[in-house]
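Engineer: Got a structure here, written out as structure tokens. Questions coming.
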Amino acid sequence: MRRDEDHSQTREPAWRRYLRFLRPNPAADLDDELRDHLESSIEDLVARGMSREAARVEAARRFGDVSRVREVVQHLDQRYSTQRGRLAILETVVQDVRYAARGLRRSPAFLVVATISIALGIAANATMFSVVNALLLRPIPGANADRLVRVYQNHHSPFQWEELSWLRDHAVSFDYIVGERYQVMSFRPATNADAERARASFVTRGFFPALGVTMATGRAFDSDDRDAAAPPVVVISYAFWQRRFAGDSAVLGRTISVADHPVTIIGVASPAFRSSVLGWAPELFIPHSIMPLLTGQPLAEFGGSFYTTGRLHRGVDMGSGEAELRGLARQLVLTDTARYGGMTVRLDHIRGVNAEERAGFAVGSAFLMTMVGLVLLIGCANVANMLLGRAANRRREFGVRLAIGANGTRLVRQLLTESLMIAAIGGVAGFAVARAITRALPSILPPEAGVDITFLQPDFRVVLFTSVLCLLTTIVFGLAPALRATSTDVVAMLKGSDARVGRVRRRGALVVGQAALCVVLLAVASLFLRSLASSRTVDPGFRADGVIDATIDLSLLGGRANPPAIFARIMRETSAMPSISSATLAAVVPLSGSNMESRAIPEGAAVQSDRRAGSMVYFNVVAPKFFATLQTPILRGREFAETDDSTSTPVAVVNETAARRLWPSGDVLGKRFKWGDGRLYQVVGIARDANYVMPGESPKPTIYLPFTQAEHRAEMTLQLRTTADVATMRRTIWALLRDATPQLPPPAVVRMVDDMSITLLPVRLGATFLGTFGALALVLAAAGIYGVASYSVSRRTREIGIRAALGATRTRIIAMVLWENGRHVAAGTAIGLAVAILIGLGLSSILYGVRAVDPVALGGVVVAIATVAAAASFGPARRAANADPVRSIRSE
Amino acid sequence: MGGPVAADRDVDLIQGTLNVLILKTLSQGPMNGYGIARFVREATAGGIEVEEGALYPALHRMEHREWIAAEWGVSENNRRAKYYRLTPLGRRMLRARTESWERLVDAVGKVLYAEPRRA
């Protein structure tokens with residue numbers, strides 16, 4: 001019977017038919033099925049004598065609505081096939097996981113070494129990322145971050161009280177604008193108890209609600225507390241409650257003393273909350289309205305010290321919020337241009353540290369993240385290496401499976417599943433280690449540092465990061481071996497023959513890469529270690545041992561204090577103490593992280609009223625006996641004396657470099673220079689050069705001025721040379737200050753060497769982290785080199801046997817094996833050194849006393865890697881040399 | 001029985017019946033969709049008039065449930081045709097359905113033809 005041409009409209013193009021061979025096409029199948037039905041029906045009817053035309057009408061009638069049937073059946077098919085697809089995927093995944101688990105269980109040594117390799121790398125990465133996350137990415141802990149923004153003046157400055165209150169009172173785009181000002185206060189748990197230092201934050205109205213912070217117990221401030229006349233109240237931090245009051249709930253309503261004023265505790269903030277500024281950990285939250293009462297200073301005198309946070313009104317974006325505040329700032333400027341001139345406002349996300357610190361942390365984080373990335377890469381190379389070895393041993397298994405029709409893709413997927421399981425186990429273990437490390441970190445910092453790093457604990461971002469990292473590592477170490485394992489010639493695989501040199505060469509490349517990465521890490525770490533060591537041995541030009549520092553900030557007393565008189569009294573009394581051999585004051589403790597710079601113009605120098613006249617010099621403002629206390633020799637002339645007071649001629653001591661810089665010729669003693677305060681200072685002494693900003697720095701021109709003559713400073717550090725220990729001195733100094741200025745919070749009393757340690761913090765942290773990473777890298781690389789050596793020895797059993805049979809000595813065979821790995825390690829080391837030198841050049845600004853091409857550091861690294869490589873290859877080499885040649889030759 | 005084909009929901013009874021009919025038909029041997037329709041029509045001598053299109057949702061559903069299996073073949077007229085056959089599961093289903101149908105008929109029959117109670 002002829003084909004009915006009418007149906008040609010449903011005929012599919014030929015190519016689609018072929019598509020069916022590739023995958024089922026349910027829609028076309030259904031069309032075919034229905035067409036067959038209708039045509040069979042027509043043929044049947046025609047056979048019974050119906051006309052073709054009538055038969056078609058009848059068949060259609062009997063069938064019913066074709067398009068509807070098609071629609072229903074298609075829908076049904078789809079539903080079932082999605083269901084089935086899901087089930088099928090689940091089923092294969094379960095199968096793959098089972099298969100992988102079985103494979104891994106059969107080779108526990110591989111499993112352990114591989115997962116440890118990955119776990120170490122992941123642990124290092126997760127730890128570093130926890131730090132990066134906390135410092136740069138995460139909103140401040142304990143607060144409700146929704147719609148919260150930081151409000152800065154200009155780029156990243158805090159606000160003065162008037163500015164803050166102006167913005168707060170007029171802005172409509174914000175539900176809240178609140179400020180926080182951090183300050184150490186004197187605190188007594190009871191009015192008659194000894195004074196202690198307490199970290200306090202003055203907070204403006206609505207602080208806790210703005211940040212979404214609840215109270216663990218008690219209540220937050222309410223509007224009545226803002227009244228300056230109301231009885232003063234305070235909220236304490238959870239940690240302070242636990243530490244100082246043992247979590248006693250009777251603390252509510254208790255009266256403590258802050259700055260010698262009775263204050264009532266009304267609440268304890270929630271445990272997770274620290275501050276609106278990351279890194280601050282205030283113990284007392286005090287309404288700003290009682291600042292004048294507690295400090296004796298009017299609010300207007302605190303300057304720009306309120307770090308400001310806003311909660312945007314729902315539906316307002318940052319752009320419009322910022323625009324409104326800028327408009328308000330312009331209005332404020334108009335009211336008093338002299339006072340507020342140039343003020344503008346910037347909104348910023350509340351993420352991690354404040355904006356001014358962000359760039360520095362970002363650079364450091366990027367650097368350290370790169371370094372831990374290298375550790376992970378080395379670990380990945382190890383696993384890839386082992387997987388290649390495993391694949392070689394399983395060639396026959398794969399060959400059989402491929403030959404009996406296993407799907408190549410499926411095989412790759414199974415091998416990747418295995419890799420993923422290794423990565424997952426390593427990832428979980430690594431994450432656990434990272435969590436433990438970040439928990440332990442805060443306890444390493446001394447509590448008096450007052451820096452809070454309890455916020456480092458990993459959150460969901462770290463989990464996410466770790467998971468992504470695991471996936472990436474799986475691809476890095478697993479994909480290539482999996483593809484190679486399954487893409488080879490089935491026949492060759494079945495025969496079990498393996499004449500592939502390429503495989504060995506590839507593993508050689510792995511060794512080169514590992515050695516290079518390892519050398520980079522070790523070299524950079526050793527630069528930091530060397531720098532740390534040299535900063536310890538370097539002579540700073542003064543002796544910090546035996547000096548104890550107490551930083552006294554009289555500005556905390558406000559306008560009621562007379563700093564010169566108080567300082568003079570403190571000097572007098574400390575000098576008289578028998579345990580103190582020498583006492584002085586300094587505005588800046590050398591090498592403590594801060595410094596001052598200004599311009600000195602030698603008298604008689606070409607006076608062109610030009611800003612370029614004279615020299616920029618570092619300077620310090622000090623009391624008599626500064627040089628005696630720090631034991632910096634005065635080379636000529638004298639140092640300051642009691643007689644250099646506000647009524648006598650202004651005098652100065654200059655260091656050798658400043659003397660040379662300002663007066664290249666002639667006798668410097670008696671010369672005069674013009675200072676920023678408009679006065680002429682006469683040089684009465686020349687001191688030996690001493691370090692000021694960084695240990696081991698090239699000598700900086702430095703000028704010393706007496707604190708009685710130079711512009712007076714309210715904050716000075718009392719420096720005492722004493723044989724007493726810190727605890728004793730702390731008690732002595734506190735007692736002394738309590739008599740001199742009862743309102744002053746007890747100052748921090750530390751050894752000068754501890755004060756100085758802050759300048760070394762980046763180097764110390766770098767040395768610690770990188771030293772750890774370097775050690776990890778070395779261990780991992782050793783494992784990798786060992787693996788490759790064992791593998792190549794096992795591959796060359798027969799060759800080595802023949803060599804031995806032909807008379808090669810044991811030494812020769814050992815040397816041969818060592819050399820094979822050695823040349824790869826050497827190549828990697830060369831590459832690594834080149835990279836390390838480049839990195840070293842980039843780090844020169846924070847490394848003291850070492851150059852990027854430091855022969856000791858780099859030489860040490862070469863020795864280390866060479867030793868480890870030789871040790872790692874030696875075992876396999878000896879095994880090769882000891883093998884019985886006859887058995888070896890037969891072995892394949 | 002000319003109900004709407006698409007109404008997947010309100011044809012439970014019809015569907016159940018249709019399923020049994022299809023299974024029974026296929027117990028004779030493999031058949032394409034039209035063959036099944038014709039068999040049902042002829043076996044019931046027009047007693048049950050099924051709209052033929054209604055077979056297909058039932059066929060596909062049973063195929064997915066693996067009561068029946070399908071195979072593509074070529075018809076006498078050289079068309080691509082799909083032939084259904086009973087699976088062991090389908091055979092069991094047919095047996096079960098037949099039994100329950102018989103019980104139902106029996107029960108309903110007992111009620112319809114019950115003698116008035118003597119007591």
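Naming works like this for the structure tokens: A, B, ... for the chains as they're shown, residue 1 at the start of each chain, ligands 1 onward in shown order.
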For chain A, which residues have at least one atom within 9 Å of chain B, if we go by only C-alpha atoms? Write them as a PyMOL selection string, please.
Structural biologist: chain A and resi 1-3+29+32-38+40-41+61-66+68-74+76-77+80-81
Engineer: Put those residues in a file: C-alpha atoms, as an mmCIF file, in the first residue's frame.
Structural biologist:
data_model
loop_
_atom_site.group_PDB
_atom_site.id
_atom_site.type_symbol
_atom_site.label_atom_id
_atom_site.label_comp_id
_atom_site.auth_asym_id
_atom_site.auth_seq_id
_atom_site.Cartn_x
_atom_site.Cartn_y
_atom_site.Cartn_z
ATOM 1 C CA MET A 1 0.000 0.000 0.000
ATOM 2 C CA ARG A 2 1.177 3.463 -0.865
ATOM 3 C CA ARG A 3 2.307 5.723 1.820
ATOM 4 C CA ASP A 29 8.662 8.402 19.033
ATOM 5 C CA ASP A 32 5.559 7.709 15.063
ATOM 6 C CA GLU A 33 3.444 5.646 17.396
ATOM 7 C CA LEU A 34 0.286 7.684 16.804
ATOM 8 C CA ARG A 35 0.870 7.778 13.060
ATOM 9 C CA ASP A 36 1.183 4.000 13.048
ATOM 10 C CA HIS A 37 -2.102 3.732 14.920
ATOM 11 C CA LEU A 38 -4.022 5.973 12.549
ATOM 12 C CA SER A 40 -3.230 0.894 10.679
ATOM 13 C CA SER A 41 -6.773 1.956 11.423
ATOM 14 C CA ARG A 61 -13.334 9.807 14.877
ATOM 15 C CA ARG A 62 -12.467 6.563 16.573
ATOM 16 C CA PHE A 63 -9.197 7.900 17.799
ATOM 17 C CA GLY A 64 -10.483 11.160 19.257
ATOM 18 C CA ASP A 65 -8.474 14.305 19.672
ATOM 19 C CA VAL A 66 -4.960 13.490 18.476
ATOM 20 C CA ARG A 68 -4.730 16.303 23.059
ATOM 21 C CA VAL A 69 -3.616 12.736 23.406
ATOM 22 C CA ARG A 70 -0.170 13.749 22.290
ATOM 23 C CA GLU A 71 -0.086 16.528 24.857
ATOM 24 C CA VAL A 72 -1.204 14.318 27.730
ATOM 25 C CA VAL A 73 1.144 11.492 26.882
ATOM 26 C CA GLN A 74 4.088 13.816 26.391
ATOM 27 C CA LEU A 76 3.223 11.952 31.320
ATOM 28 C CA ASP A 77 6.456 10.769 29.668
ATOM 29 C CA TYR A 80 8.235 9.848 34.494
ATOM 30 C CA SER A 81 11.544 10.460 32.766
#
Engineer: Mind listing the strand (DSSP E) residues of chain B, per DSSP on the backbone, as a list in words?
Structural biologist: Ile68, Ala69, Ala70, Glu71, Trp72, Gly73, Val74, Arg80, Ala81, Lys82, Tyr83, Tyr84, Arg85 and Leu86 of chain B
Engineer: Skipping near chain neighbours, those fewer than 2 positions away, what residues fall within 9 Å of Val653 of chain A using only C-alpha atoms, listed as an MDAnalysis selection string?
Structural biologist: chainID A and resid 634 637:640 651 655 682:687 702:706
Engineer: List as a list in words the protein and nucleic acid residues near Val333 of chain A, meaning an atom at most 12 Å away when only C-alpha atoms are counted, but skip any in the same chain fewer than 2 places from it.
Structural biologist: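 Here the answer would be Glu162, Glu163, Trp166, Leu167, Arg326, Gly327, Leu328, Ala329, Arg330, Gln331, Thr335, Asp336, Thr337, Ala338, Arg339, Tyr340, Gly341, Gly342, Met343, Thr344 and Val345 of chain A.
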Engineer: Can you tell me, as a VMD selection string, what residues are no more than 7 Å from Arg351 of chain A when counting only C-alpha atoms, ignoring any on the same chain fewer than 2 positions away?
Structural biologist: chain A and resid 136 to 140 349 353
Engineer: Give me, please, the distance in Å between atom CA of Leu833 of chain A and atom CA of Val372 of chain A, quoted to one decimal.
Structural biologist: 17.7 Å
Engineer: Among chain B, which ones does DSSP place in helix (DSSP H, G or I), written as number ranges by chain?
Structural biologist: B: 12-26, 33-43, 52-64, 88-112
Engineer: One number please: atom CA of Val654 of chain A to atom CA of Arg636 of chain A, in Å, one decimal.
Structural biologist: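 So the answer is 10.2 Å.
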Engineer: May I have the residues within 12 Å of Ala96 of chain B as a list in words, using only C-alpha atoms and disregarding those fewer than 5 positions away in the same chain?
Structural biologist: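 Counting only the stated atoms, we get Val20, Leu23, Lys24, Leu89, Gly90, Arg91, Trp101, Glu102 and Arg103 of chain B.
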Engineer: Extract, using only C-alpha atoms, all DNA, RNA and protein residues at most 8 Å from segment 853-856 of chain A, discarding same-chain residues fewer than 6 positions from it, and format them as a list in words.
Structural biologist: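 Here the qualifying residues turn out to be Leu527, Ile837 and Gly840 of chain A.
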Engineer: Which of these, A:Leu554, A:Val779, A:Val149, A:Leu737, has the shortest distance to Ile116 of chain A once you count only C-alpha atoms?
Structural biologist: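 When distances to Ile116 of chain A are compared using only C-alpha atoms, the smallest one comes from A:Val779.
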